[in-house]
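A.B. asks: A single structure is presented below for examination.
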Amino acid sequence: MANIKEIARIAGVSVTTVSRVLNNHPYVSEPKRAAVLQTIEQLNYTRNMNAVHLSTGRTGTVAVILPYINLFYFSVVMDGLAHEALLAQYRLILCQSNYAPDEELKVLEMLRNKEIDGVVVVSTALPPEVIEEYMEYGPVVTCQDNGERRFSSVYIEHYAAFWHGLEYLKDKGYRKIGYCEGRQNGSSATIRQTAYHAFLAEHGLPFRQEWMVFDCMQVEDGAAVARSLLEMEERPEVLILTGDHVAAGLIIEARKHGLRIPEDVAVLGFDNQPIGRLLDITTIDNHLYDMGAAAFRIIHEQIRTGNRQPVYRKLDYEIIERGTV
C-alpha cells in the first residue's frame, strides 16, 4: 500500500507538501498540488483515518443520544444539530436508545474509548450523576435542565412554560383543565406535572384523575383521548397536550364524533409543529430547532478549544395563538 513518502518521491515534492495537500492547506503552489493529486490517483492512495485521528486527537464526529427518531420533538432538535454540524464539517452518529440505560451507556463508552469527540444527549433515562462521570473523557451537552452540573445544557424552563400555558387558559375563562403527557416519569414530564398540580391547587381549580392521561406519544394516542372524552360523565373544558401531533389526533377524531373545537372542548398544544399550523392549533413554541443548534455550537466550541467549563443556556418560549382555544 502506498504511503506519504512514496507519494512525495514520485511527485517530486517534500513529505510536508503532500501532508499539506491531503489536509487542504492553502499554502501550496498549484503545480505541486496538481502533481501530488495526480500521484495519489495513480497509486490509488487511501488515507488511514485511524492514523489521522491518532495524530490530530480528534475524530470529527459527535454522537447524539435520543430515544426515538420518529417523533417530531426529537426530529426538530436533530434538524438544528445537523445544520450546525454541516457548517462545522462535523459528522453526527445518531444513536437511538429507546430510553434503555445500557444503550445510552454504550454511547458514553464510545467517548471514553476516543471513538468520538463528544456527546449530545437530547433525552435520557440516565441520572445526571452517571453522565458526569464521563466528563473526563470529553464534552457532553444535554438538551434538558439538569441543574448545575459538570456538563453543559440547553433547555427551556418547562415549569414556567407550562405554568404560563395554564395561566393563559385560565385567563380565557377555562376552569376544567385536562392534561395529556408523554412519558410519565421523564425529567421534563415530571416538572410539568408538578406545575399542573401546583397551578390547580393555587387557583382552586378542579382535578379529576381521568382528565390526566399519560403515554400520549403518537397521533393515534390523541385520537384515543378524543374517544375517551365521549365516555366521560364530566368532560374537561380544555386539554393541554405536550405535542401538536397528539393534539392533531385528538382534534381530527373529535370532529368525526361531532365534538366541536373549541366550543365543546378546547385544545392547547406544545412544540409549534407543522401539523399544528395546518390545523390552526394554539400552541406553546419552545424553539426546538434553536435548542439543537445551540447544543451543537456549544459542544463544537468545547471540542475546538478543549475548555469544558459548563455552559447553561435557557431558551425562550411563547404561546402562538390560533383557533383551538
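By convention here, the chains of the C-alpha cells are called A, B, ... in the order presented, each chain's residues are numbered starting at 1, and ligands are numbered starting at 1 in the order presented.
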If DSSP is run on the backbone, what residues of segment 122-225 of chain A are strand (DSSP E or B)? A reply as a PyMOL selection string would be ideal.
C.D. replies: chain A and resi 140-142+152-155+177-180+212-213
A.B. asks: Would you output that residue set with C-alpha atoms, as a PDB file, in the first residue's frame?
C.D. replies:
```pdb
ATOM      1  CA  VAL A 140     -21.171  16.344  26.895  1.00  0.00           C
ATOM      2  CA  VAL A 141     -24.161  18.645  26.295  1.00  0.00           C
ATOM      3  CA  THR A 142     -27.734  17.763  27.305  1.00  0.00           C
ATOM      4  CA  SER A 152     -23.360  21.837  29.677  1.00  0.00           C
ATOM      5  CA  SER A 153     -27.077  22.048  28.956  1.00  0.00           C
ATOM      6  CA  VAL A 154     -29.533  23.839  26.659  1.00  0.00           C
ATOM      7  CA  TYR A 155     -33.128  23.861  27.866  1.00  0.00           C
ATOM      8  CA  ILE A 177     -58.343  21.805  32.525  1.00  0.00           C
ATOM      9  CA  GLY A 178     -57.227  18.359  31.371  1.00  0.00           C
ATOM     10  CA  TYR A 179     -53.646  17.320  30.637  1.00  0.00           C
ATOM     11  CA  CYS A 180     -52.122  14.772  28.220  1.00  0.00           C
ATOM     12  CA  MET A 212     -54.847  13.417  33.262  1.00  0.00           C
ATOM     13  CA  VAL A 213     -53.641  10.963  30.583  1.00  0.00           C
TER      14      VAL A 213
END
```
A.B. asks: Please report, as a ChimeraX atom specification, each residue of segment 75-321 of chain A to which DSSP assigns helix (DSSP H, G or I) when run on this structure's backbone.
C.D. replies: /A:75-87,101-112,128-132,135-137,158-171,187-203,209-211,219-231,244-256,274-278,288-305
A.B. asks: Identify, on the basis of only C-alpha atoms, every residue whose closest approach to segment 161-176 of chain A does not exceed 7 Å; exclude the query and any residue fewer than 5 positions from it along the same chain; express the result as a VMD selection string.
C.D. replies: chain A and resid 192 195 199 205 to 206 236 to 238 317
A.B. asks: For all heavy atoms, I'd like the residues from the last selection saved as a CSV table (one decimal), in the first residue's frame.
C.D. replies:
```
chain,number,residue,atom,x,y,z
A,192,ARG,N,-43.4,19.2,34.5
A,192,ARG,CA,-44.7,19.8,34.0
A,192,ARG,C,-45.9,19.3,34.9
A,192,ARG,O,-46.8,20.0,35.2
A,192,ARG,CB,-45.0,19.3,32.6
A,192,ARG,CG,-44.0,20.0,31.6
A,192,ARG,CD,-44.5,19.8,30.2
A,192,ARG,NE,-44.3,18.4,29.7
A,192,ARG,CZ,-43.3,18.0,29.0
A,192,ARG,NH1,-42.3,18.8,28.7
A,192,ARG,NH2,-43.2,16.7,28.7
A,195,ALA,N,-46.0,21.4,38.0
A,195,ALA,CA,-46.6,22.7,37.7
A,195,ALA,C,-48.1,22.6,37.6
A,195,ALA,O,-48.8,23.5,38.1
A,195,ALA,CB,-46.0,23.3,36.3
A,199,PHE,N,-50.5,24.6,40.0
A,199,PHE,CA,-51.4,25.6,39.5
A,199,PHE,C,-52.9,25.4,39.9
A,199,PHE,O,-53.5,26.3,40.3
A,199,PHE,CB,-51.3,25.7,38.0
A,199,PHE,CG,-52.0,26.8,37.3
A,199,PHE,CD1,-51.4,28.0,37.2
A,199,PHE,CD2,-53.3,26.6,36.9
A,199,PHE,CE1,-52.1,29.1,36.6
A,199,PHE,CE2,-54.0,27.7,36.3
A,199,PHE,CZ,-53.4,28.9,36.1
A,205,LEU,N,-58.8,25.2,41.3
A,205,LEU,CA,-59.4,24.6,40.1
A,205,LEU,C,-59.6,23.1,40.3
A,205,LEU,O,-58.8,22.5,41.0
A,205,LEU,CB,-58.6,24.9,38.8
A,205,LEU,CG,-58.4,26.3,38.5
A,205,LEU,CD1,-57.5,26.5,37.3
A,205,LEU,CD2,-59.7,27.1,38.3
A,206,PRO,N,-60.6,22.5,39.7
A,206,PRO,CA,-60.9,21.1,40.0
A,206,PRO,C,-59.8,20.1,39.3
A,206,PRO,O,-59.3,20.4,38.3
A,206,PRO,CB,-62.3,20.8,39.4
A,206,PRO,CG,-62.4,21.9,38.3
A,206,PRO,CD,-61.6,23.1,38.8
A,236,PRO,N,-63.4,17.7,30.6
A,236,PRO,CA,-62.7,18.9,30.8
A,236,PRO,C,-63.2,19.9,29.7
A,236,PRO,O,-63.6,19.5,28.6
A,236,PRO,CB,-61.3,18.5,30.6
A,236,PRO,CG,-61.3,17.3,29.8
A,236,PRO,CD,-62.5,16.6,30.2
A,237,GLU,N,-63.0,21.2,30.0
A,237,GLU,CA,-63.4,22.2,29.1
A,237,GLU,C,-62.2,22.4,28.0
A,237,GLU,O,-62.5,22.9,26.9
A,237,GLU,CB,-63.6,23.6,29.8
A,237,GLU,CG,-64.8,23.5,30.8
A,237,GLU,CD,-64.8,24.7,31.7
A,237,GLU,OE1,-63.7,25.3,32.0
A,237,GLU,OE2,-65.9,25.1,32.1
A,238,VAL,N,-61.0,22.1,28.5
A,238,VAL,CA,-59.9,22.3,27.6
A,238,VAL,C,-58.8,21.3,28.0
A,238,VAL,O,-58.7,20.8,29.1
A,238,VAL,CB,-59.3,23.8,27.8
A,238,VAL,CG1,-58.8,24.0,29.2
A,238,VAL,CG2,-58.2,24.0,26.8
A,317,TYR,N,-39.7,30.8,25.3
A,317,TYR,CA,-40.9,30.1,24.9
A,317,TYR,C,-41.9,31.1,24.7
A,317,TYR,O,-41.9,32.3,25.2
A,317,TYR,CB,-41.3,29.0,25.9
A,317,TYR,CG,-41.6,29.6,27.2
A,317,TYR,CD1,-42.9,30.2,27.5
A,317,TYR,CD2,-40.6,29.6,28.2
A,317,TYR,CE1,-43.1,30.7,28.8
A,317,TYR,CE2,-40.9,30.2,29.5
A,317,TYR,CZ,-42.1,30.7,29.7
A,317,TYR,OH,-42.4,31.3,31.0
```
A.B. asks: Which of these residues is nearest to Val121 of chain A, using only C-alpha atoms: A:Glu41, A:Ala88, A:Val76, A:Pro67?
C.D. replies: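 Looking at the shortest contact to Val121 of chain A, the residue is A:Pro67.
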A.B. asks: Can you pull out the residues contacting Ile319 of chain A? Cut-off 7 Å, using only C-alpha atoms, and skip same-chain residues under 4 positions away; I want them as number ranges by chain.
C.D. replies: A: 283-285
A.B. asks: Which residues come within 8 Å of segment 217-233 of chain A, counting only C-alpha atoms, excluding same-chain residues fewer than 3 positions away, as a PyMOL selection string?
C.D. replies: chain A and resi 71+181-183+213+243+245-254
A.B. asks: Would you list the contacts of Leu105 of chain A as a PyMOL selection string, taking every protein, DNA or RNA residue within 10 Å and counting only C-alpha atoms, but skipping same-chain residues closer than 2 positions in sequence?
C.D. replies: chain A and resi 65+97+100-103+107-111+126+130-131+134
A.B. asks: With N, CA, C and O atoms retained, write the just-selected residues as an mmCIF file, in the first residue's frame.
C.D. replies:
```cif
data_model
loop_
_atom_site.group_PDB
_atom_site.id
_atom_site.type_symbol
_atom_site.label_atom_id
_atom_site.label_comp_id
_atom_site.auth_asym_id
_atom_site.auth_seq_id
_atom_site.Cartn_x
_atom_site.Cartn_y
_atom_site.Cartn_z
ATOM 1 N N ILE A 65 -27.452 11.090 21.408
ATOM 2 C CA ILE A 65 -28.333 10.121 22.065
ATOM 3 C C ILE A 65 -29.751 10.683 22.065
ATOM 4 O O ILE A 65 -29.997 11.773 22.566
ATOM 5 N N SER A 97 -31.903 5.125 21.566
ATOM 6 C CA SER A 97 -31.742 4.342 22.787
ATOM 7 C C SER A 97 -33.017 3.671 23.275
ATOM 8 O O SER A 97 -32.957 2.755 24.096
ATOM 9 N N ALA A 100 -33.299 3.045 26.936
ATOM 10 C CA ALA A 100 -32.639 1.919 27.608
ATOM 11 C C ALA A 100 -31.294 2.406 28.150
ATOM 12 O O ALA A 100 -30.407 2.769 27.366
ATOM 13 N N PRO A 101 -31.106 2.432 29.470
ATOM 14 C CA PRO A 101 -29.857 2.949 30.038
ATOM 15 C C PRO A 101 -28.613 2.266 29.493
ATOM 16 O O PRO A 101 -27.584 2.927 29.272
ATOM 17 N N ASP A 102 -28.672 0.957 29.268
ATOM 18 C CA ASP A 102 -27.500 0.241 28.760
ATOM 19 C C ASP A 102 -27.088 0.750 27.386
ATOM 20 O O ASP A 102 -25.891 0.829 27.072
ATOM 21 N N GLU A 103 -28.084 1.088 26.545
ATOM 22 C CA GLU A 103 -27.781 1.603 25.212
ATOM 23 C C GLU A 103 -27.150 2.986 25.309
ATOM 24 O O GLU A 103 -26.232 3.321 24.543
ATOM 25 N N VAL A 107 -22.954 4.491 24.273
ATOM 26 C CA VAL A 107 -22.525 5.699 23.569
ATOM 27 C C VAL A 107 -21.499 6.463 24.404
ATOM 28 O O VAL A 107 -20.482 6.933 23.882
ATOM 29 N N LEU A 108 -21.735 6.576 25.699
ATOM 30 C CA LEU A 108 -20.778 7.254 26.569
ATOM 31 C C LEU A 108 -19.453 6.498 26.626
ATOM 32 O O LEU A 108 -18.387 7.110 26.758
ATOM 33 N N GLU A 109 -19.520 5.185 26.501
ATOM 34 C CA GLU A 109 -18.285 4.394 26.444
ATOM 35 C C GLU A 109 -17.500 4.696 25.178
ATOM 36 O O GLU A 109 -16.268 4.620 25.160
ATOM 37 N N MET A 110 -18.199 5.043 24.088
ATOM 38 C CA MET A 110 -17.512 5.463 22.860
ATOM 39 C C MET A 110 -16.677 6.712 23.120
ATOM 40 O O MET A 110 -15.591 6.869 22.557
ATOM 41 N N LEU A 111 -17.174 7.588 23.993
ATOM 42 C CA LEU A 111 -16.419 8.784 24.350
ATOM 43 C C LEU A 111 -15.185 8.405 25.158
ATOM 44 O O LEU A 111 -14.094 8.929 24.928
ATOM 45 N N LEU A 126 -30.733 8.070 31.892
ATOM 46 C CA LEU A 126 -29.642 8.023 32.871
ATOM 47 C C LEU A 126 -29.727 9.195 33.838
ATOM 48 O O LEU A 126 -30.042 10.316 33.441
ATOM 49 N N VAL A 130 -24.473 9.917 36.531
ATOM 50 C CA VAL A 130 -23.779 8.952 35.672
ATOM 51 C C VAL A 130 -23.139 9.678 34.491
ATOM 52 O O VAL A 130 -21.985 9.400 34.114
ATOM 53 N N ILE A 131 -23.856 10.610 33.894
ATOM 54 C CA ILE A 131 -23.317 11.368 32.761
ATOM 55 C C ILE A 131 -22.072 12.131 33.190
ATOM 56 O O ILE A 131 -21.074 12.197 32.456
ATOM 57 N N TYR A 134 -18.453 10.767 32.907
ATOM 58 C CA TYR A 134 -17.773 10.657 31.613
ATOM 59 C C TYR A 134 -17.168 11.976 31.147
ATOM 60 O O TYR A 134 -16.561 12.034 30.070
#
```
